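Data from protein-v8.cif: mmCIF, C-alpha atoms
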```
data_final
loop_
_atom_site.label_atom_id
_atom_site.label_comp_id
_atom_site.auth_asym_id
_atom_site.auth_seq_id
_atom_site.Cartn_x
_atom_site.Cartn_y
_atom_site.Cartn_z
CA MET A 113 -9.09 1.48 -5.72
CA THR A 114 -11.63 -1.27 -6.35
CA ASP A 115 -9.85 -2.25 -9.58
CA PHE A 116 -6.54 -2.45 -7.75
CA LEU A 117 -7.96 -4.69 -5.03
CA GLU A 118 -9.69 -6.95 -7.56
CA HIS A 119 -6.44 -7.25 -9.51
CA TYR A 120 -4.52 -8.00 -6.30
CA TYR A 121 -6.94 -10.71 -5.16
CA ARG A 122 -7.06 -12.33 -8.62
CA HIS A 123 -3.28 -12.44 -8.69
CA ARG A 124 -3.14 -14.01 -5.20
CA GLU A 125 -5.63 -16.66 -6.33
CA ALA A 126 -3.51 -17.36 -9.41
CA VAL A 127 -0.38 -17.73 -7.24
CA ALA A 128 -2.24 -20.14 -4.93
CA LYS A 129 -3.35 -22.24 -7.94
CA ALA A 130 0.20 -22.34 -9.33
CA ASN A 131 1.53 -23.38 -5.90
CA ALA A 132 -1.05 -26.19 -5.73
CA LEU A 133 0.14 -27.46 -9.12
CA ASN A 134 3.86 -27.04 -8.40
CA LYS A 135 4.02 -28.55 -4.91
CA PRO A 136 3.46 -32.20 -6.00
CA LEU A 137 5.93 -31.78 -8.89
CA VAL A 138 8.63 -30.65 -6.46
CA PHE A 139 7.88 -33.42 -3.96
CA ASP A 140 7.91 -36.09 -6.68
CA ALA A 141 11.34 -34.89 -7.84
CA LEU A 142 12.68 -34.76 -4.26
CA ALA A 143 11.45 -38.30 -3.54
CA ALA A 144 12.87 -39.62 -6.83
CA ALA A 145 16.26 -38.14 -5.85
CA GLY A 146 16.17 -39.91 -2.47
CA LEU A 147 15.95 -36.67 -0.53
CA THR A 148 13.97 -36.70 2.71
CA ARG A 149 14.06 -33.09 3.86
CA VAL A 150 14.89 -29.63 2.54
CA THR A 151 15.32 -26.44 4.55
CA VAL A 152 15.11 -22.98 3.01
CA GLU A 153 16.15 -19.85 4.91
CA PHE A 154 15.10 -16.34 3.87
CA ASP A 155 15.70 -12.83 5.14
CA GLY A 156 14.63 -9.39 4.02
CA GLU A 157 14.28 -5.77 4.99
CA GLY A 158 14.32 -2.30 3.48
CA ASP A 159 12.45 -3.40 0.33
CA SER A 160 14.94 -6.16 -0.43
CA GLY A 161 14.68 -9.82 0.41
CA GLN A 162 16.28 -13.06 -0.63
CA ILE A 163 16.56 -16.73 0.05
CA SER A 164 19.92 -17.17 1.71
CA ASP A 165 20.26 -20.94 1.95
CA VAL A 166 18.67 -24.09 0.50
CA THR A 167 19.90 -27.34 2.07
CA ALA A 168 18.89 -30.86 1.09
CA PHE A 169 19.11 -33.93 3.31
CA SER A 170 18.97 -37.65 2.79
CA GLY A 171 18.22 -38.96 6.26
CA GLN A 172 20.37 -36.87 8.59
CA ALA A 173 23.17 -36.25 6.08
CA HIS A 174 23.49 -33.27 3.77
CA ALA A 175 22.90 -34.26 0.17
CA PRO A 176 23.51 -32.57 -3.18
CA PHE A 177 20.65 -31.53 -5.41
CA PRO A 178 20.34 -33.60 -8.57
CA SER A 179 20.36 -31.88 -11.95
CA THR A 180 16.65 -32.62 -12.40
CA PHE A 181 14.63 -30.05 -14.35
CA LEU A 182 10.96 -29.29 -13.73
CA THR A 183 8.38 -27.30 -15.65
CA LEU A 184 6.62 -25.04 -13.17
CA HIS A 185 3.40 -23.08 -13.49
CA GLN A 186 3.61 -19.35 -12.81
CA ALA A 187 0.92 -16.77 -12.23
CA ALA A 188 1.28 -14.04 -14.80
CA GLN A 189 1.63 -10.42 -13.83
CA ASN A 190 -1.29 -8.15 -14.73
CA ASN A 191 -3.67 -11.13 -14.68
CA GLY A 192 -2.49 -12.38 -18.05
CA ASP A 193 -2.47 -16.00 -19.07
CA PRO A 194 -0.50 -18.31 -16.78
CA ARG A 195 2.83 -19.40 -18.14
CA THR A 196 5.35 -22.12 -17.51
CA THR A 197 9.06 -22.05 -16.94
CA THR A 198 11.62 -24.85 -16.80
CA VAL A 199 14.13 -24.70 -13.96
CA ASN A 200 16.37 -27.08 -12.03
CA LEU A 201 15.09 -28.61 -8.78
CA HIS A 202 17.00 -26.19 -6.55
CA ASP A 203 15.51 -23.18 -8.35
CA ALA A 204 12.05 -24.81 -8.36
CA ILE A 205 12.19 -24.94 -4.56
CA GLU A 206 13.16 -21.26 -4.44
CA HIS A 207 10.31 -20.35 -6.83
CA LEU A 208 7.82 -22.25 -4.68
CA CYS A 209 9.04 -20.58 -1.48
CA TYR A 210 8.95 -17.07 -2.98
CA ASP A 211 5.43 -17.76 -4.21
CA TYR A 212 4.30 -19.03 -0.79
CA LEU A 213 5.74 -15.88 0.79
CA SER A 214 3.86 -13.79 -1.76
CA GLN A 215 0.69 -15.76 -1.11
CA CYS A 216 0.83 -15.64 2.70
CA HIS A 217 3.02 -12.67 3.64
CA ASP A 218 3.01 -10.28 0.70
CA GLY A 219 5.49 -7.49 1.42
CA TRP A 220 7.61 -9.71 3.67
CA GLU A 221 10.73 -7.87 2.56
CA THR A 222 9.55 -4.28 3.11
CA ASP A 223 10.36 -1.86 5.91
CA ASP A 224 11.85 -3.79 8.85
CA GLY A 225 11.25 -7.00 6.93
CA SER A 226 11.08 -10.54 8.14
CA HIS A 227 13.01 -13.78 8.20
CA GLY A 228 12.27 -17.44 8.60
CA THR A 229 12.61 -21.00 7.43
CA PHE A 230 10.66 -23.36 5.22
CA GLU A 231 11.01 -27.05 5.95
CA PHE A 232 10.00 -29.59 3.31
CA ASP A 233 9.19 -33.02 4.78
CA VAL A 234 9.39 -35.26 1.74
CA PRO A 235 7.81 -38.47 3.15
CA LYS A 236 4.83 -36.50 4.52
CA GLN A 237 4.78 -34.13 1.51
CA THR A 238 4.33 -31.13 3.79
CA ILE A 239 5.95 -27.71 3.91
CA GLU A 240 6.18 -25.89 7.23
CA LEU A 241 6.87 -22.15 7.30
CA ASP A 242 8.28 -20.54 10.44
CA PHE A 243 7.85 -16.81 9.78
CA TYR A 244 9.18 -13.97 11.92
CA GLY A 245 7.99 -10.47 11.04
CA ARG A 246 10.14 -7.61 12.31
CA PHE A 247 8.98 -4.16 13.25
CA ILE A 248 10.18 -1.28 15.33
CA ALA A 249 7.56 0.31 17.47
CA THR A 250 7.91 3.75 18.90
CA GLU A 251 5.29 5.31 21.06
CA HIS A 252 5.47 8.97 21.88
CA SER A 253 3.18 11.44 23.58
CA SER A 254 3.52 15.09 24.17
CA HIS A 255 1.19 17.09 26.37
CA ASP A 256 0.86 20.74 27.18
CA PHE A 257 -1.45 21.58 30.03
#
```

In structure tokens, what does this structure look like?
Amino acid sequence: MTDFLEHYYRHREAVAKANALNKPLVFDALAAAGLTRVTVEFDGEGDSGQISDVTAFSGQAHAPFPSTFLTLHQAAQNNGDPRTTTVNLHDAIEHLCYDYLSQCHDGWETDDGSHGTFEFDVPKQTIELDFYGRFIATEHSSHDF
């Protein structure tokens, strides 16, 4: 069990390091494209979860994503060497959000799941996560006297 926990915590640290490297790359690309805000909605339950919508804005108006490509850092599985992958800006945002969910709410998609929204504020270079965990609680007692 100790080995499993050590592996788990090392992987979480690697994800956090990759996120710290990737966040400024994503914000630089968003700013260069003239985008001011991005919202990302996710939903999951029953061991399945997905990002359902990624919307970019320039001011108050919806805006298309440019065909910009970024090279992102990724934490390797099994604590191997980190690797890089090249993806378009839209997919880079999804990668970053999935990694933040893994970092902060690992298992967000299991059982009753969760849902929420990420909001990227490009001028401030901040990402806000509104996270809603779902669970069904049942309380039962039985007594024989």

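Atom pair atom CA of A:Leu208 / atom CA of A:Ser170 has a distance of 20.4 Å (rounded to one decimal).
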
Dump as CSV the rows for residues of stretch 175-227 of chain A within 12 Å of stretch 239-256 of chain A: closest atom pair and distance in Å with one decimal, only C-alpha atoms counted, ordered by chain and rising residue number.
```
residue,atom,partner,partner_atom,distance
A:Ile205,CA,A:Ile239,CA,10.9
A:Leu208,CA,A:Ile239,CA,10.3
A:Cys209,CA,A:Leu241,CA,9.2
A:Tyr210,CA,A:Leu241,CA,11.7
A:Tyr212,CA,A:Leu241,CA,9.0
A:Leu213,CA,A:Leu241,CA,9.1
A:Cys216,CA,A:Leu241,CA,10.0
A:His217,CA,A:Phe243,CA,8.8
A:Asp218,CA,A:Gly245,CA,11.5
A:Gly219,CA,A:Gly245,CA,10.4
A:Trp220,CA,A:Gly245,CA,7.4
A:Glu221,CA,A:Gly245,CA,9.3
A:Thr222,CA,A:Arg246,CA,9.8
A:Asp223,CA,A:Phe247,CA,7.8
A:Asp224,CA,A:Phe247,CA,5.3
A:Gly225,CA,A:Arg246,CA,5.5
A:Ser226,CA,A:Gly245,CA,4.2
A:His227,CA,A:Tyr244,CA,5.3
```

Save the residues we just selected, C-alpha atoms, as a compact mmCIF listing (two decimals), in the frame of the given file?
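File written: selection03.txt
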```txt
# COMPACT_ATOMS: atom_id res chain seq x y z
CA ILE A 205 12.19 -24.94 -4.56
CA LEU A 208 7.82 -22.25 -4.68
CA CYS A 209 9.04 -20.58 -1.48
CA TYR A 210 8.95 -17.07 -2.98
CA TYR A 212 4.30 -19.03 -0.79
CA LEU A 213 5.74 -15.88 0.79
CA CYS A 216 0.83 -15.64 2.70
CA HIS A 217 3.02 -12.67 3.64
CA ASP A 218 3.01 -10.28 0.70
CA GLY A 219 5.49 -7.49 1.42
CA TRP A 220 7.61 -9.71 3.67
CA GLU A 221 10.73 -7.87 2.56
CA THR A 222 9.55 -4.28 3.11
CA ASP A 223 10.36 -1.86 5.91
CA ASP A 224 11.85 -3.79 8.85
CA GLY A 225 11.25 -7.00 6.93
CA SER A 226 11.08 -10.54 8.14
CA HIS A 227 13.01 -13.78 8.20
```

*Could you list as JSON, numbers by chain every residue that has an atom within 8 Å of (6.3, -34.1, -0.6), using the file's coordinates and counting only C-alpha atoms?*
{"A": [135, 136, 138, 139, 140, 142, 143, 232, 233, 234, 235, 236, 237, 238, 239]}

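The closest residue to A:Asn200, picked from A:Gly146, A:Leu133, A:Ser179, A:Ser214 and counting all atoms listed in the file, is A:Ser179.
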
*Nearby residues (all atoms listed in the file) at most 6 Å from A:Leu201, same-chain spacing under 2 positions excluded, as number ranges by chain*: A: 180-181, 203-204

Could you give me stretch 201-232 of chain A completed to N, CA and C atoms, formatted as a PDB file, keeping the file's coordinate frame?
```pdb
ATOM      1  N   LEU A 201      15.814 -28.324 -10.017  1.00  0.00           N
ATOM      2  CA  LEU A 201      15.090 -28.610  -8.780  1.00  0.00           C
ATOM      3  C   LEU A 201      15.384 -27.583  -7.695  1.00  0.00           C
ATOM      4  N   HIS A 202      16.638 -27.204  -7.536  1.00  0.00           N
ATOM      5  CA  HIS A 202      17.000 -26.190  -6.550  1.00  0.00           C
ATOM      6  C   HIS A 202      16.227 -24.899  -6.789  1.00  0.00           C
ATOM      7  N   ASP A 203      16.218 -24.417  -8.023  1.00  0.00           N
ATOM      8  CA  ASP A 203      15.510 -23.180  -8.350  1.00  0.00           C
ATOM      9  C   ASP A 203      13.991 -23.355  -8.238  1.00  0.00           C
ATOM     10  N   ALA A 204      13.487 -24.552  -8.511  1.00  0.00           N
ATOM     11  CA  ALA A 204      12.050 -24.810  -8.360  1.00  0.00           C
ATOM     12  C   ALA A 204      11.634 -24.647  -6.905  1.00  0.00           C
ATOM     13  N   ILE A 205      12.472 -25.097  -5.992  1.00  0.00           N
ATOM     14  CA  ILE A 205      12.190 -24.940  -4.560  1.00  0.00           C
ATOM     15  C   ILE A 205      12.177 -23.456  -4.197  1.00  0.00           C
ATOM     16  N   GLU A 206      13.145 -22.703  -4.706  1.00  0.00           N
ATOM     17  CA  GLU A 206      13.160 -21.260  -4.440  1.00  0.00           C
ATOM     18  C   GLU A 206      11.903 -20.589  -4.996  1.00  0.00           C
ATOM     19  N   HIS A 207      11.528 -20.929  -6.236  1.00  0.00           N
ATOM     20  CA  HIS A 207      10.310 -20.350  -6.830  1.00  0.00           C
ATOM     21  C   HIS A 207       9.096 -20.633  -5.948  1.00  0.00           C
ATOM     22  N   LEU A 208       8.968 -21.872  -5.507  1.00  0.00           N
ATOM     23  CA  LEU A 208       7.820 -22.250  -4.680  1.00  0.00           C
ATOM     24  C   LEU A 208       7.810 -21.463  -3.376  1.00  0.00           C
ATOM     25  N   CYS A 209       8.971 -21.315  -2.745  1.00  0.00           N
ATOM     26  CA  CYS A 209       9.040 -20.580  -1.480  1.00  0.00           C
ATOM     27  C   CYS A 209       8.723 -19.097  -1.680  1.00  0.00           C
ATOM     28  N   TYR A 210       9.275 -18.478  -2.711  1.00  0.00           N
ATOM     29  CA  TYR A 210       8.950 -17.070  -2.980  1.00  0.00           C
ATOM     30  C   TYR A 210       7.449 -16.912  -3.224  1.00  0.00           C
ATOM     31  N   ASP A 211       6.863 -17.851  -3.946  1.00  0.00           N
ATOM     32  CA  ASP A 211       5.430 -17.760  -4.210  1.00  0.00           C
ATOM     33  C   ASP A 211       4.599 -17.973  -2.948  1.00  0.00           C
ATOM     34  N   TYR A 212       5.021 -18.869  -2.067  1.00  0.00           N
ATOM     35  CA  TYR A 212       4.300 -19.030  -0.790  1.00  0.00           C
ATOM     36  C   TYR A 212       4.428 -17.768   0.060  1.00  0.00           C
ATOM     37  N   LEU A 213       5.597 -17.144   0.057  1.00  0.00           N
ATOM     38  CA  LEU A 213       5.740 -15.880   0.790  1.00  0.00           C
ATOM     39  C   LEU A 213       4.816 -14.819   0.207  1.00  0.00           C
ATOM     40  N   SER A 214       4.755 -14.745  -1.108  1.00  0.00           N
ATOM     41  CA  SER A 214       3.860 -13.790  -1.760  1.00  0.00           C
ATOM     42  C   SER A 214       2.406 -14.081  -1.420  1.00  0.00           C
ATOM     43  N   GLN A 215       2.064 -15.345  -1.381  1.00  0.00           N
ATOM     44  CA  GLN A 215       0.690 -15.760  -1.110  1.00  0.00           C
ATOM     45  C   GLN A 215       0.281 -15.474   0.328  1.00  0.00           C
ATOM     46  N   CYS A 216       1.181 -15.726   1.275  1.00  0.00           N
ATOM     47  CA  CYS A 216       0.830 -15.640   2.700  1.00  0.00           C
ATOM     48  C   CYS A 216       1.306 -14.374   3.400  1.00  0.00           C
ATOM     49  N   HIS A 217       2.426 -13.820   2.954  1.00  0.00           N
ATOM     50  CA  HIS A 217       3.020 -12.670   3.640  1.00  0.00           C
ATOM     51  C   HIS A 217       3.523 -11.663   2.610  1.00  0.00           C
ATOM     52  N   ASP A 218       2.632 -11.239   1.733  1.00  0.00           N
ATOM     53  CA  ASP A 218       3.010 -10.280   0.700  1.00  0.00           C
ATOM     54  C   ASP A 218       3.634  -9.046   1.351  1.00  0.00           C
ATOM     55  N   GLY A 219       4.774  -8.619   0.828  1.00  0.00           N
ATOM     56  CA  GLY A 219       5.490  -7.490   1.420  1.00  0.00           C
ATOM     57  C   GLY A 219       6.431  -7.903   2.534  1.00  0.00           C
ATOM     58  N   TRP A 220       6.758  -9.180   2.604  1.00  0.00           N
ATOM     59  CA  TRP A 220       7.610  -9.710   3.670  1.00  0.00           C
ATOM     60  C   TRP A 220       8.972  -9.032   3.730  1.00  0.00           C
ATOM     61  N   GLU A 221       9.400  -8.444   2.631  1.00  0.00           N
ATOM     62  CA  GLU A 221      10.730  -7.870   2.560  1.00  0.00           C
ATOM     63  C   GLU A 221      10.743  -6.364   2.798  1.00  0.00           C
ATOM     64  N   THR A 222       9.599  -5.738   2.997  1.00  0.00           N
ATOM     65  CA  THR A 222       9.550  -4.280   3.110  1.00  0.00           C
ATOM     66  C   THR A 222       9.780  -3.808   4.539  1.00  0.00           C
ATOM     67  N   ASP A 223      10.140  -2.538   4.640  1.00  0.00           N
ATOM     68  CA  ASP A 223      10.360  -1.860   5.910  1.00  0.00           C
ATOM     69  C   ASP A 223      11.353  -2.646   6.773  1.00  0.00           C
ATOM     70  N   ASP A 224      10.944  -3.052   7.973  1.00  0.00           N
ATOM     71  CA  ASP A 224      11.850  -3.790   8.850  1.00  0.00           C
ATOM     72  C   ASP A 224      11.985  -5.251   8.452  1.00  0.00           C
ATOM     73  N   GLY A 225      11.128  -5.690   7.542  1.00  0.00           N
ATOM     74  CA  GLY A 225      11.250  -7.000   6.930  1.00  0.00           C
ATOM     75  C   GLY A 225      10.869  -8.169   7.816  1.00  0.00           C
ATOM     76  N   SER A 226      11.368  -9.303   7.434  1.00  0.00           N
ATOM     77  CA  SER A 226      11.080 -10.540   8.140  1.00  0.00           C
ATOM     78  C   SER A 226      12.154 -11.561   7.794  1.00  0.00           C
ATOM     79  N   HIS A 227      12.099 -12.667   8.484  1.00  0.00           N
ATOM     80  CA  HIS A 227      13.010 -13.780   8.200  1.00  0.00           C
ATOM     81  C   HIS A 227      12.312 -15.055   8.619  1.00  0.00           C
ATOM     82  N   GLY A 228      12.863 -16.178   8.206  1.00  0.00           N
ATOM     83  CA  GLY A 228      12.270 -17.440   8.600  1.00  0.00           C
ATOM     84  C   GLY A 228      12.842 -18.605   7.841  1.00  0.00           C
ATOM     85  N   THR A 229      12.157 -19.739   8.013  1.00  0.00           N
ATOM     86  CA  THR A 229      12.610 -21.000   7.430  1.00  0.00           C
ATOM     87  C   THR A 229      11.419 -21.799   6.924  1.00  0.00           C
ATOM     88  N   PHE A 230      11.573 -22.343   5.741  1.00  0.00           N
ATOM     89  CA  PHE A 230      10.660 -23.360   5.220  1.00  0.00           C
ATOM     90  C   PHE A 230      11.302 -24.709   5.482  1.00  0.00           C
ATOM     91  N   GLU A 231      10.502 -25.693   5.843  1.00  0.00           N
ATOM     92  CA  GLU A 231      11.010 -27.050   5.950  1.00  0.00           C
ATOM     93  C   GLU A 231      10.098 -27.973   5.156  1.00  0.00           C
ATOM     94  N   PHE A 232      10.691 -28.631   4.155  1.00  0.00           N
ATOM     95  CA  PHE A 232      10.000 -29.590   3.310  1.00  0.00           C
ATOM     96  C   PHE A 232      10.201 -30.973   3.912  1.00  0.00           C
TER      97      PHE A 232
END
```
